[in-house]
Structures are given as C-alpha cells and as structure tokens.
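Source file: protein.pdb; contents: PDB, C-alpha atoms.
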```pdb
ATOM      1  CA  MET A   1     -26.641 -27.789  40.747  1.00  0.00           C
ATOM      2  CA  CYS A   2     -24.020 -27.569  43.447  1.00  0.00           C
ATOM      3  CA  ALA A   3     -20.299 -27.215  42.948  1.00  0.00           C
ATOM      4  CA  TRP A   4     -19.096 -27.003  46.539  1.00  0.00           C
ATOM      5  CA  SER A   5     -19.103 -29.123  49.676  1.00  0.00           C
ATOM      6  CA  GLY A   6     -21.991 -28.710  52.086  1.00  0.00           C
ATOM      7  CA  SER A   7     -24.336 -27.042  49.590  1.00  0.00           C
ATOM      8  CA  PHE A   8     -27.323 -28.514  51.488  1.00  0.00           C
ATOM      9  CA  PHE A   9     -26.407 -26.235  54.385  1.00  0.00           C
ATOM     10  CA  GLU A  10     -26.608 -23.154  52.178  1.00  0.00           C
ATOM     11  CA  ARG A  11     -30.385 -23.482  52.525  1.00  0.00           C
ATOM     12  CA  TYR A  12     -31.066 -25.705  55.539  1.00  0.00           C
ATOM     13  CA  PRO A  13     -31.694 -25.509  58.410  1.00  0.00           C
ATOM     14  CA  ARG A  14     -33.852 -22.511  57.672  1.00  0.00           C
ATOM     15  CA  HIS A  15     -33.340 -20.969  61.099  1.00  0.00           C
ATOM     16  CA  ASP A  16     -29.596 -20.707  60.255  1.00  0.00           C
ATOM     17  CA  THR A  17     -28.465 -22.679  63.306  1.00  0.00           C
ATOM     18  CA  LEU A  18     -27.329 -26.304  63.495  1.00  0.00           C
ATOM     19  CA  LEU A  19     -29.033 -28.707  65.891  1.00  0.00           C
ATOM     20  CA  SER A  20     -25.786 -30.542  66.594  1.00  0.00           C
ATOM     21  CA  ILE A  21     -23.921 -29.033  69.491  1.00  0.00           C
ATOM     22  CA  ASN A  22     -20.395 -27.750  69.162  1.00  0.00           C
ATOM     23  CA  LYS A  23     -18.820 -29.493  72.126  1.00  0.00           C
ATOM     24  CA  ARG A  24     -15.450 -27.767  72.063  1.00  0.00           C
ATOM     25  CA  HIS A  25     -14.579 -28.665  75.661  1.00  0.00           C
ATOM     26  CA  THR A  26     -15.504 -31.986  77.249  1.00  0.00           C
ATOM     27  CA  GLY A  27     -13.401 -31.591  80.364  1.00  0.00           C
ATOM     28  CA  LYS A  28     -11.397 -34.650  79.316  1.00  0.00           C
ATOM     29  CA  THR A  29      -7.953 -35.003  77.753  1.00  0.00           C
ATOM     30  CA  ASN A  30      -8.625 -38.361  76.091  1.00  0.00           C
ATOM     31  CA  VAL A  31      -8.573 -37.728  72.319  1.00  0.00           C
ATOM     32  CA  GLU A  32     -10.907 -40.647  71.489  1.00  0.00           C
ATOM     33  CA  PHE A  33     -13.418 -39.572  74.141  1.00  0.00           C
ATOM     34  CA  ASN A  34     -13.381 -36.018  72.796  1.00  0.00           C
ATOM     35  CA  LEU A  35     -13.911 -37.217  69.197  1.00  0.00           C
ATOM     36  CA  ARG A  36     -16.966 -39.271  70.265  1.00  0.00           C
ATOM     37  CA  HIS A  37     -18.498 -36.071  71.648  1.00  0.00           C
ATOM     38  CA  ASP A  38     -17.644 -33.935  68.619  1.00  0.00           C
ATOM     39  CA  TRP A  39     -20.693 -34.074  66.350  1.00  0.00           C
ATOM     40  CA  ASN A  40     -19.478 -31.695  63.650  1.00  0.00           C
ATOM     41  CA  SER A  41     -15.840 -32.490  62.870  1.00  0.00           C
ATOM     42  CA  LEU A  42     -14.809 -34.806  60.072  1.00  0.00           C
ATOM     43  CA  ILE A  43     -12.361 -37.560  60.935  1.00  0.00           C
ATOM     44  CA  THR A  44      -9.284 -38.268  58.857  1.00  0.00           C
ATOM     45  CA  ASP A  45      -6.048 -40.182  59.244  1.00  0.00           C
ATOM     46  CA  MET A  46      -4.118 -37.003  58.345  1.00  0.00           C
ATOM     47  CA  ASP A  47      -2.723 -34.949  61.179  1.00  0.00           C
ATOM     48  CA  ASP A  48      -4.250 -31.562  61.988  1.00  0.00           C
ATOM     49  CA  HIS A  49      -1.537 -29.717  60.071  1.00  0.00           C
ATOM     50  CA  GLN A  50      -2.408 -31.476  56.800  1.00  0.00           C
ATOM     51  CA  ALA A  51      -6.195 -31.374  56.979  1.00  0.00           C
ATOM     52  CA  ALA A  52      -8.655 -28.805  58.280  1.00  0.00           C
ATOM     53  CA  ARG A  53      -8.651 -28.695  62.054  1.00  0.00           C
ATOM     54  CA  HIS A  54     -11.613 -29.709  64.144  1.00  0.00           C
ATOM     55  CA  PHE A  55     -14.839 -27.796  63.618  1.00  0.00           C
ATOM     56  CA  GLY A  56     -14.478 -26.196  67.059  1.00  0.00           C
ATOM     57  CA  THR A  57     -11.830 -23.890  65.576  1.00  0.00           C
ATOM     58  CA  TYR A  58     -14.450 -22.523  63.128  1.00  0.00           C
ATOM     59  CA  SER A  59     -17.098 -21.571  65.676  1.00  0.00           C
ATOM     60  CA  ARG A  60     -17.230 -20.934  69.406  1.00  0.00           C
ATOM     61  CA  GLN A  61     -21.057 -21.099  69.543  1.00  0.00           C
ATOM     62  CA  LEU A  62     -22.746 -24.069  71.263  1.00  0.00           C
ATOM     63  CA  PHE A  63     -25.222 -24.272  68.348  1.00  0.00           C
ATOM     64  CA  PRO A  64     -23.084 -23.121  65.401  1.00  0.00           C
ATOM     65  CA  ARG A  65     -24.274 -21.329  62.290  1.00  0.00           C
ATOM     66  CA  ARG A  66     -24.710 -23.325  59.105  1.00  0.00           C
ATOM     67  CA  ASP A  67     -22.360 -21.065  57.113  1.00  0.00           C
ATOM     68  CA  ASP A  68     -19.516 -21.966  59.518  1.00  0.00           C
ATOM     69  CA  LEU A  69     -20.107 -25.647  58.691  1.00  0.00           C
ATOM     70  CA  VAL A  70     -20.069 -24.933  54.927  1.00  0.00           C
ATOM     71  CA  LYS A  71     -16.745 -23.103  55.284  1.00  0.00           C
ATOM     72  CA  TYR A  72     -15.356 -25.991  57.356  1.00  0.00           C
ATOM     73  CA  PHE A  73     -16.466 -28.611  54.778  1.00  0.00           C
ATOM     74  CA  ASN A  74     -14.900 -26.702  51.894  1.00  0.00           C
ATOM     75  CA  ASP A  75     -11.658 -26.067  53.775  1.00  0.00           C
ATOM     76  CA  PHE A  76     -11.527 -29.754  54.727  1.00  0.00           C
ATOM     77  CA  ALA A  77     -12.006 -30.865  51.101  1.00  0.00           C
ATOM     78  CA  THR A  78      -9.348 -28.427  49.868  1.00  0.00           C
ATOM     79  CA  LYS A  79      -6.749 -29.127  52.553  1.00  0.00           C
ATOM     80  CA  SER A  80      -7.302 -32.884  52.362  1.00  0.00           C
ATOM     81  CA  HIS A  81      -7.010 -32.849  48.534  1.00  0.00           C
ATOM     82  CA  LEU A  82     -10.271 -34.772  48.209  1.00  0.00           C
ATOM     83  CA  LYS A  83     -11.484 -35.744  44.755  1.00  0.00           C
ATOM     84  CA  VAL A  84     -15.137 -34.764  45.168  1.00  0.00           C
ATOM     85  CA  VAL A  85     -17.660 -35.381  42.377  1.00  0.00           C
ATOM     86  CA  TYR A  86     -20.665 -33.073  42.707  1.00  0.00           C
ATOM     87  CA  ASN A  87     -24.211 -33.416  41.355  1.00  0.00           C
ATOM     88  CA  THR A  88     -23.930 -37.178  41.521  1.00  0.00           C
ATOM     89  CA  ASP A  89     -26.227 -39.777  43.034  1.00  0.00           C
ATOM     90  CA  VAL A  90     -24.481 -43.009  43.979  1.00  0.00           C
ATOM     91  CA  SER A  91     -26.837 -45.862  43.136  1.00  0.00           C
ATOM     92  CA  ASN A  92     -24.720 -48.840  44.201  1.00  0.00           C
ATOM     93  CA  VAL A  93     -21.715 -49.527  46.447  1.00  0.00           C
ATOM     94  CA  THR A  94     -19.914 -52.867  46.557  1.00  0.00           C
ATOM     95  CA  ARG A  95     -16.810 -54.063  48.330  1.00  0.00           C
ATOM     96  CA  ALA A  96     -14.161 -55.102  45.834  1.00  0.00           C
ATOM     97  CA  SER A  97     -13.054 -58.676  46.404  1.00  0.00           C
ATOM     98  CA  SER A  98      -9.401 -58.936  47.299  1.00  0.00           C
ATOM     99  CA  SER A  99      -7.652 -61.364  49.577  1.00  0.00           C
ATOM    100  CA  SER A 100      -4.932 -58.784  50.282  1.00  0.00           C
ATOM    101  CA  SER A 101      -7.329 -56.153  51.681  1.00  0.00           C
ATOM    102  CA  SER A 102      -6.730 -55.476  55.340  1.00  0.00           C
ATOM    103  CA  ARG A 103      -8.952 -53.442  57.643  1.00  0.00           C
ATOM    104  CA  GLY A 104      -8.603 -49.780  56.688  1.00  0.00           C
ATOM    105  CA  ASN A 105      -7.395 -50.637  53.177  1.00  0.00           C
ATOM    106  CA  GLU A 106     -10.603 -52.095  51.781  1.00  0.00           C
ATOM    107  CA  ARG A 107     -11.478 -51.143  48.212  1.00  0.00           C
ATOM    108  CA  PHE A 108     -14.979 -50.201  47.077  1.00  0.00           C
ATOM    109  CA  THR A 109     -16.697 -49.737  43.732  1.00  0.00           C
ATOM    110  CA  MET A 110     -19.497 -47.206  43.367  1.00  0.00           C
ATOM    111  CA  THR A 111     -21.847 -46.660  40.437  1.00  0.00           C
ATOM    112  CA  ASP A 112     -23.673 -43.375  39.826  1.00  0.00           C
ATOM    113  CA  GLN A 113     -26.943 -42.522  38.103  1.00  0.00           C
ATOM    114  CA  ARG A 114     -25.143 -42.301  34.711  1.00  0.00           C
ATOM    115  CA  GLN A 115     -23.552 -45.755  35.201  1.00  0.00           C
ATOM    116  CA  GLN A 116     -20.131 -44.126  35.750  1.00  0.00           C
ATOM    117  CA  VAL A 117     -18.009 -46.405  37.952  1.00  0.00           C
ATOM    118  CA  TYR A 118     -15.727 -45.071  40.707  1.00  0.00           C
ATOM    119  CA  ASN A 119     -13.161 -47.015  42.708  1.00  0.00           C
ATOM    120  CA  CYS A 120     -12.007 -45.885  46.102  1.00  0.00           C
ATOM    121  CA  GLN A 121     -10.540 -46.942  49.413  1.00  0.00           C
TER
END
```

Just give me the structure of the file as structure tokens.
Amino acid sequence: MCAWSGSFFERYPRHDTLLSINKRHTGKTNVEFNLRHDWNSLITDMDDHQAARHFGTYSRQLFPRRDDLVKYFNDFATKSHLKVVYNTDVSNVTRASSSSSSRGNERFTMTDQRQQVYNCQ
C-alpha cells in the first residue's frame, strides 16, 4: 500500500531512468511553447511561488532519475495543498450537471472501489 505521491516510480522503470526527456531549455521564451515541450512538470493555476516549480529545477539530466520525479511529485502535492487519497481505485467519473459551470470551473463526481463518492473541480 502506498502513502505518497509517485509510488509507482519507486519501483519502475527498473533501469532507474525516465524515458521522458527533461527539456529544460527549448531556445524559446514563449511560456506556452515551453510548457508543451516539458514532459515531466505538472501544470497548475498557482504561480511558481505557491506550488512546486517546474521539474527542470529538480534535475539537470536529459533523462532524469525516477527518484527525482518522486521528490517532485511529493513536493508538488505538499506545496499545492492537494487532498490526495491513496490506495484508491476510481471506478466512475461523471460531470456534475450545473448550468452555472463555466469552463475551468466544472464539477465532477468520482466513485471509488468502496463506493465512496468524491466531489471535485
């Protein structure tokens, strides 16, 4: 049973190196372009001072080590104050019906393997 973010990467990949490249420098200054080429960072609407910074600050290697990704995931969850439920399989996700939902503010209902219901944005 896991109790931390990224527990899959504690074991895999077995060769200890990620296949996704750590493209820290694209040669461009366009933020959106750079995010499209960043395969490891998590995206949030919080600014960099509130959440964990981009993954490129955790590793300088082109093919980063899996333990760097685990550290990044856990720092991201902590700094973003995420309410993570571990050891849970989500069996169903539905969009909550609401006429007042606008793009980016949609509400969802999830059900897990124990029939526990979660609501989220």

For this file, the PyMOL selection byres ((chain A and resi 113) around 7) selects which residues, as a PyMOL selection string?
chain A and resi 89-91+111-112+114-115

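With distances restricted to all atoms listed in the file, A:Ser20 is the closest residue to Arg65 of chain A from A:Thr29, A:Ser7, A:Gln116, A:Ser20.
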
Just want the 10 Å neighbourhood of Asp38 of chain A, counted on all atoms listed in the file, with same-chain residues fewer than 6 positions away dropped. Output as an NGL selection string.
:A and (20-26 or 32 or 54-56)

Atom CA of Ala77 of chain A and atom CA of Gly27 of chain A, how far apart in Å?
29.3 Å

Straight-line distance linking atom CA of Asn40 of chain A with atom CA of Gln121 of chain A, stated in Å to one decimal:
22.7 Å

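Here atom CA of Thr44 of chain A and atom CA of His81 of chain A stand 11.9 Å from one another.
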
Which residue, A:Lys28, A:Arg66, A:His37, A:Arg53, has the smallest gap to Glu10 of chain A when you use all atoms listed in the file?
A:Arg66

Would you kindly return, as number ranges by chain, each protein, DNA or RNA residue with an atom no farther than 9 Å from any atom of Val70 of chain A, considering all atoms listed in the file and excluding same-chain residues fewer than 2 positions away?
A: 4-10, 66-68, 72-75

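In this comparison, which uses all atoms listed in the file, the residue of A:Val93, A:Val117, A:Ile43, A:Val84 approaching Val31 of chain A most closely is A:Ile43.
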
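In this comparison, which uses all atoms listed in the file, the residue of A:Asp45, A:Asn30, A:Leu69, A:Leu35 approaching Asp16 of chain A most closely is A:Leu69.
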
Provide segment 58-71 of chain A rebuilt to N, CA and C atoms, formatted as a tab-separated table (two decimals), in the frame of the given file.
```
chain	number	residue	atom	x	y	z
A	58	TYR	N	-13.68	-23.36	64.06
A	58	TYR	CA	-14.45	-22.52	63.13
A	58	TYR	C	-15.57	-21.76	63.82
A	59	SER	N	-16.01	-22.23	64.97
A	59	SER	CA	-17.10	-21.57	65.68
A	59	SER	C	-16.95	-21.82	67.17
A	60	ARG	N	-17.25	-20.80	67.96
A	60	ARG	CA	-17.23	-20.93	69.41
A	60	ARG	C	-18.65	-21.12	69.96
A	61	GLN	N	-19.66	-21.02	69.10
A	61	GLN	CA	-21.06	-21.10	69.54
A	61	GLN	C	-21.45	-22.55	69.86
A	62	LEU	N	-22.27	-22.73	70.91
A	62	LEU	CA	-22.75	-24.07	71.26
A	62	LEU	C	-23.58	-24.66	70.12
A	63	PHE	N	-24.46	-23.86	69.53
A	63	PHE	CA	-25.22	-24.27	68.35
A	63	PHE	C	-24.72	-23.42	67.18
A	64	PRO	N	-23.75	-23.94	66.43
A	64	PRO	CA	-23.08	-23.12	65.40
A	64	PRO	C	-23.98	-22.77	64.23
A	65	ARG	N	-23.56	-21.77	63.49
A	65	ARG	CA	-24.27	-21.33	62.29
A	65	ARG	C	-23.94	-22.25	61.12
A	66	ARG	N	-24.90	-22.43	60.25
A	66	ARG	CA	-24.71	-23.32	59.10
A	66	ARG	C	-23.60	-22.86	58.18
A	67	ASP	N	-23.40	-21.54	58.02
A	67	ASP	CA	-22.36	-21.06	57.11
A	67	ASP	C	-20.96	-21.39	57.64
A	68	ASP	N	-20.80	-21.53	58.96
A	68	ASP	CA	-19.52	-21.97	59.52
A	68	ASP	C	-19.23	-23.42	59.12
A	69	LEU	N	-20.28	-24.26	59.09
A	69	LEU	CA	-20.11	-25.65	58.69
A	69	LEU	C	-19.75	-25.75	57.21
A	70	VAL	N	-20.38	-24.93	56.37
A	70	VAL	CA	-20.07	-24.93	54.93
A	70	VAL	C	-18.61	-24.54	54.71
A	71	LYS	N	-18.15	-23.52	55.40
A	71	LYS	CA	-16.74	-23.10	55.28
A	71	LYS	C	-15.82	-24.23	55.73
```
